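For reference, the structure discussed in these notes is given below.
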There are 2 protein chains.
Amino acid sequence: MTRQQLVEQIFKKRSYLCVGLDTDITKIPKHLLSEPDPVFAFNKAMIDATKDLCVAYKINTAFYEALGVKGWEAMEKTVRYIDDGHFKIADAKRGDIGNTSDQYAKAFFEALPFDAITVAPYMGEDSVKPFLQHKGKWAIVLGLTSNKGAADFEMQKMGDEFLYEKVVRTVFAWGSVENLMFVVGATKADEFINIRKLTPDHFYLVPGVGAQGGSLKEISEKAMTTDCGILVNASRAIIYAGEKEDFAEKAKAIAIQYQEEMSRYLR
Amino acid sequence: MTRQQLVEQIFKKRSYLCVGLDTDITKIPKHLLSEPDPVFAFNKAMIDATKDLCVAYKINTAFYEALGVKGWEAMEKTVRYIDDGHFKIADAKRGDIGNTSDQYAKAFFEALPFDAITVAPYMGEDSVKPFLQHKGKWAIVLGLTSNKGAADFEMQKMGDEFLYEKVVRTVFAWGSVENLMFVVGATKADEFINIRKLTPDHFYLVPGVGAQGGSLKEISEKAMTTDCGILVNASRAIIYAGEKEDFAEKAKAIAIQYQEEMSRYLR
């Protein structure tokens, strides 16, 4: 999906919501466990319930890998079930030496039809570049993450800047606004103004709203650009909104709340 | 596998060789492509040929994920084929917020019988800790990697030390010599003396010998401890030593060279 197509979807739906499919088989409604593929059954219901309210889905690969081969099958079925009007993100935090990152890019962009993958920057340029060489595909590189551990290295000073600033400034040069985004956590709202100075036009994938406590209003005020420029992810707050037969309706109700709030902030 | 068991294997076999199963389906001998699972057939032959010469196998998950569900199946079959006398490493470079790293730990330590997983440290303590909480299992955290991109962040100064030193020093406190190792690339031999000062007793997983150009002699001199303390990985140099019917014998011949050289360096 191109940037233009993504922006069109955002303004058409008045939403920049990304629904995070962090589907944990121990947390889905019990009645689904008798399905042949409970995780896919749950995801299908989630996608059907939220597809008009969000522009992106983010599949957290860890939850699928934890189920082994069956989990990888459920992930494949899920990403193929999402229509091409949605931006499909593999939240996989991959990154390795060049020949290996190249294989990860094949895994998510060729073997599977994802539009984007999240990438860990520690190993530098040759670990990131292979994800930027697939037409119409995106690398979403970790900038400043939403977790407590961000303080350990990302928020440590490297010269006169934080490591995450060094990362964002450096990675900026490796891609363009058409194939590179950054992960910036919603729990670090004060940093958004600063990060926008470094990357005025890049899209950000923003996790940390909902269960992790970030404010949608605050990050929208601080990070939005004229063509939106942010995808805000909610996972647990939406997908585990209900635990009974009406779980999909409960999820939809929360997604509607997000979409309506986003509609007010969109210019 | 415990540290004591690993050290026993090393001194029994007079080898600290780790064979890297970075199995690329486009590079394996053509006659294997008619097998029902060519990647597993290749790995099985590699394991049979090298098991007496090495103490560890490192499965590079990227090469399996690039084949989708079939690849994940080949990975599972491979790790289950390796006997418990070998240290089984998932070279997966995972790391995410706590609840997600927890799922990755389940994926590799419970759904699959790996002993260890490589972990990217960028996101800090809560992204690493879940890998340290499984009895007899190991996190192998990226310290200084063997690739060119190591210069971009790892070798940048953070205060009066390099980022990789800060990482090694900080992560040191999160685990012990019984559940934590570091990745230190063989191409950075001069740094080993320095890293040994920071972590005198930890095991290192050392990639970069062979195709990437690192010297086995040099790193053995600089990084070895009284109980060895290093696992040196070779992937392409061994597994692609031959490309015809005798590929396994060719691989074995190279593995023998490594083992014999290692035997001389072991105290």
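Residue numbering restarts at 1 for every chain of the structure tokens, chains are lettered A, B, ... in their displayed order, and ligands are numbered from 1 as they appear.
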Using only C-alpha atoms, find each residue of chain A with at least one atom at most 7 Å away from an atom of chain B; report its shortest atom-to-atom pair and that distance in Å (one decimal), sort the rows by chain and rising residue number, and return the result as a tab-separated table.
```
residue	atom	partner	partner_atom	distance
A:Ala62	CA	B:Tyr104	CA	5.1
A:Phe63	CA	B:Gln103	CA	5.7
A:Glu65	CA	B:Ala107	CA	5.3
A:Ala66	CA	B:Ala107	CA	3.7
A:Leu67	CA	B:Ala111	CA	6.4
A:Gly68	CA	B:Ala111	CA	5.9
A:Val69	CA	B:Trp72	CA	5.9
A:Trp72	CA	B:Val69	CA	5.9
A:Glu73	CA	B:Val69	CA	6.1
A:Lys93	CA	B:Arg94	CA	6.7
A:Arg94	CA	B:Lys93	CA	6.7
A:Gly95	CA	B:Lys93	CA	6.9
A:Ile97	CA	B:Asn147	CA	6.0
A:Thr100	CA	B:Ala62	CA	6.1
A:Gln103	CA	B:Ala62	CA	5.4
A:Tyr104	CA	B:Ala62	CA	5.1
A:Lys106	CA	B:Ala66	CA	5.4
A:Ala107	CA	B:Ala66	CA	3.7
A:Ala111	CA	B:Gly68	CA	5.9
A:Tyr122	CA	B:Tyr122	CA	6.2
A:Met123	CA	B:Ala150	CA	5.3
A:Gly124	CA	B:Gly149	CA	4.1
A:Glu125	CA	B:Gly149	CA	5.0
A:Asp126	CA	B:Gly149	CA	5.5
A:Ser127	CA	B:Gly149	CA	7.0
A:Thr145	CA	B:Met123	CA	6.9
A:Asn147	CA	B:Ile97	CA	6.0
A:Gly149	CA	B:Gly124	CA	4.0
A:Ala150	CA	B:Met123	CA	5.3
A:Asp152	CA	B:Gly124	CA	5.2
A:Phe153	CA	B:Gly124	CA	6.3
A:Glu154	CA	B:Tyr122	CA	6.8
A:Lys157	CA	B:Met158	CA	6.3
A:Met158	CA	B:Met158	CA	4.3
A:Gly159	CA	B:Met158	CA	6.4
```
Please identify the alpha helix (DSSP H) residues within segment 94-217 of chain B (assignment by DSSP from backbone atoms) and present them as JSON, numbers by chain. {"B": [98, 99, 100, 101, 102, 103, 104, 105, 106, 125, 126, 127, 128, 163, 164, 165, 166, 167, 168, 169, 170, 171, 172, 190, 191, 192, 193, 194, 195, 196, 197, 198, 216, 217]}
Set the distance at 10 Å and use only C-alpha atoms: which residues neighbour Glu261 of chain A once local chain neighbours fewer than 5 positions away are removed? I'd like the list as a list in words.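 Skipping anything fewer than 5 positions along the chain leaves Arg14, Ser15, Leu216, Lys217, Ala255, Ile256 and Leu266 of chain A.
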Please save N, CA, C and O atoms of the selected residues as a short mmCIF file (atom, residue, chain, number, x, y, z; two decimals), in the first residue's frame.
```cif
data_model
loop_
_atom_site.label_atom_id
_atom_site.label_comp_id
_atom_site.auth_asym_id
_atom_site.auth_seq_id
_atom_site.Cartn_x
_atom_site.Cartn_y
_atom_site.Cartn_z
N ARG A 14 -12.38 8.60 8.22
CA ARG A 14 -12.21 9.51 9.37
C ARG A 14 -11.64 8.72 10.55
O ARG A 14 -12.15 8.81 11.68
N SER A 15 -10.61 7.97 10.28
CA SER A 15 -10.02 7.12 11.33
C SER A 15 -8.56 6.87 11.03
O SER A 15 -8.18 6.71 9.86
N LEU A 216 -4.98 9.46 23.63
CA LEU A 216 -5.21 9.66 22.20
C LEU A 216 -5.24 11.16 21.86
O LEU A 216 -4.68 11.59 20.86
N LYS A 217 -5.88 11.92 22.72
CA LYS A 217 -6.01 13.38 22.47
C LYS A 217 -4.62 14.02 22.44
O LYS A 217 -4.29 14.76 21.50
N ALA A 255 -14.17 0.17 19.31
CA ALA A 255 -13.57 0.69 18.07
C ALA A 255 -14.33 1.93 17.60
O ALA A 255 -13.73 2.89 17.10
N ILE A 256 -15.66 1.91 17.75
CA ILE A 256 -16.47 3.09 17.38
C ILE A 256 -16.07 4.30 18.23
O ILE A 256 -15.92 5.41 17.71
N LEU A 266 -9.08 14.79 13.47
CA LEU A 266 -8.58 14.88 12.08
C LEU A 266 -8.90 16.23 11.49
O LEU A 266 -10.03 16.71 11.60
#
```
Counting only C-alpha atoms, which residue out of B:Phe87, B:Arg196, B:Tyr265, B:Val209 sits closest to Gln4 of chain B? B:Phe87
I want to know what sits within 9 Å of Asn179 of chain A, based on only C-alpha atoms, with residues of the same chain fewer than 5 positions away left out; could you give that as a PyMOL selection string? chain A and resi 2-3+116+131-140
Which polymer residues have any atom within 10 Å of an atom of Ala248 of chain A, counting only C-alpha atoms, with same-chain residues fewer than 2 positions away left out, as a ChimeraX atom specification? /A:42-50,238-246,250-253
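Of the listed residues (A:Leu231, A:Leu32, A:Val79, A:Val141), A:Val141 comes nearest to Phe182 of chain A; the distances count only C-alpha atoms.
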Just want the 9 Å neighbourhood of Gly210 of chain B, counted on only C-alpha atoms, with same-chain residues fewer than 4 positions away dropped. Output as a ChimeraX atom specification. /B:214-216,233-238
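Counting only C-alpha atoms, the residue from B:Lys222, B:Phe247, B:Glu165, B:Ile82 that sits nearest to Lys30 of chain B is B:Phe247.
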Identify, with DSSP run on backbone atoms, the residues in segment 225-265 of chain B assigned to strand (DSSP E), and express the list as a PyMOL selection string. chain B and resi 230-234
Compile the contact shell of Gly85 of chain B as a PyMOL selection string: residues with an atom at most 9 Å away, counting only C-alpha atoms, same-chain residues fewer than 3 positions apart removed. chain B and resi 1+5-6+9+55-56+82
Mind dumping the selected residues with C-alpha atoms as a PDB file, in the first residue's frame?
```
ATOM      1  CA  MET B   1      20.867 -27.360  29.254  1.00  0.00           C
ATOM      2  CA  GLN B   5      26.388 -29.681  31.018  1.00  0.00           C
ATOM      3  CA  LEU B   6      27.492 -27.401  28.182  1.00  0.00           C
ATOM      4  CA  GLN B   9      30.205 -31.400  26.286  1.00  0.00           C
ATOM      5  CA  VAL B  55      28.366 -28.808  20.822  1.00  0.00           C
ATOM      6  CA  ALA B  56      25.632 -26.497  19.558  1.00  0.00           C
ATOM      7  CA  ILE B  82      18.858 -32.568  17.451  1.00  0.00           C
TER       8      ILE B  82
END
```
Determine the nearest neighbour of Arg169 of chain A from the options A:Ala189, A:Val206, A:Val184, A:Leu198, counting only C-alpha atoms.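 Answer, going by the shortest atom-to-atom distance: A:Leu198.
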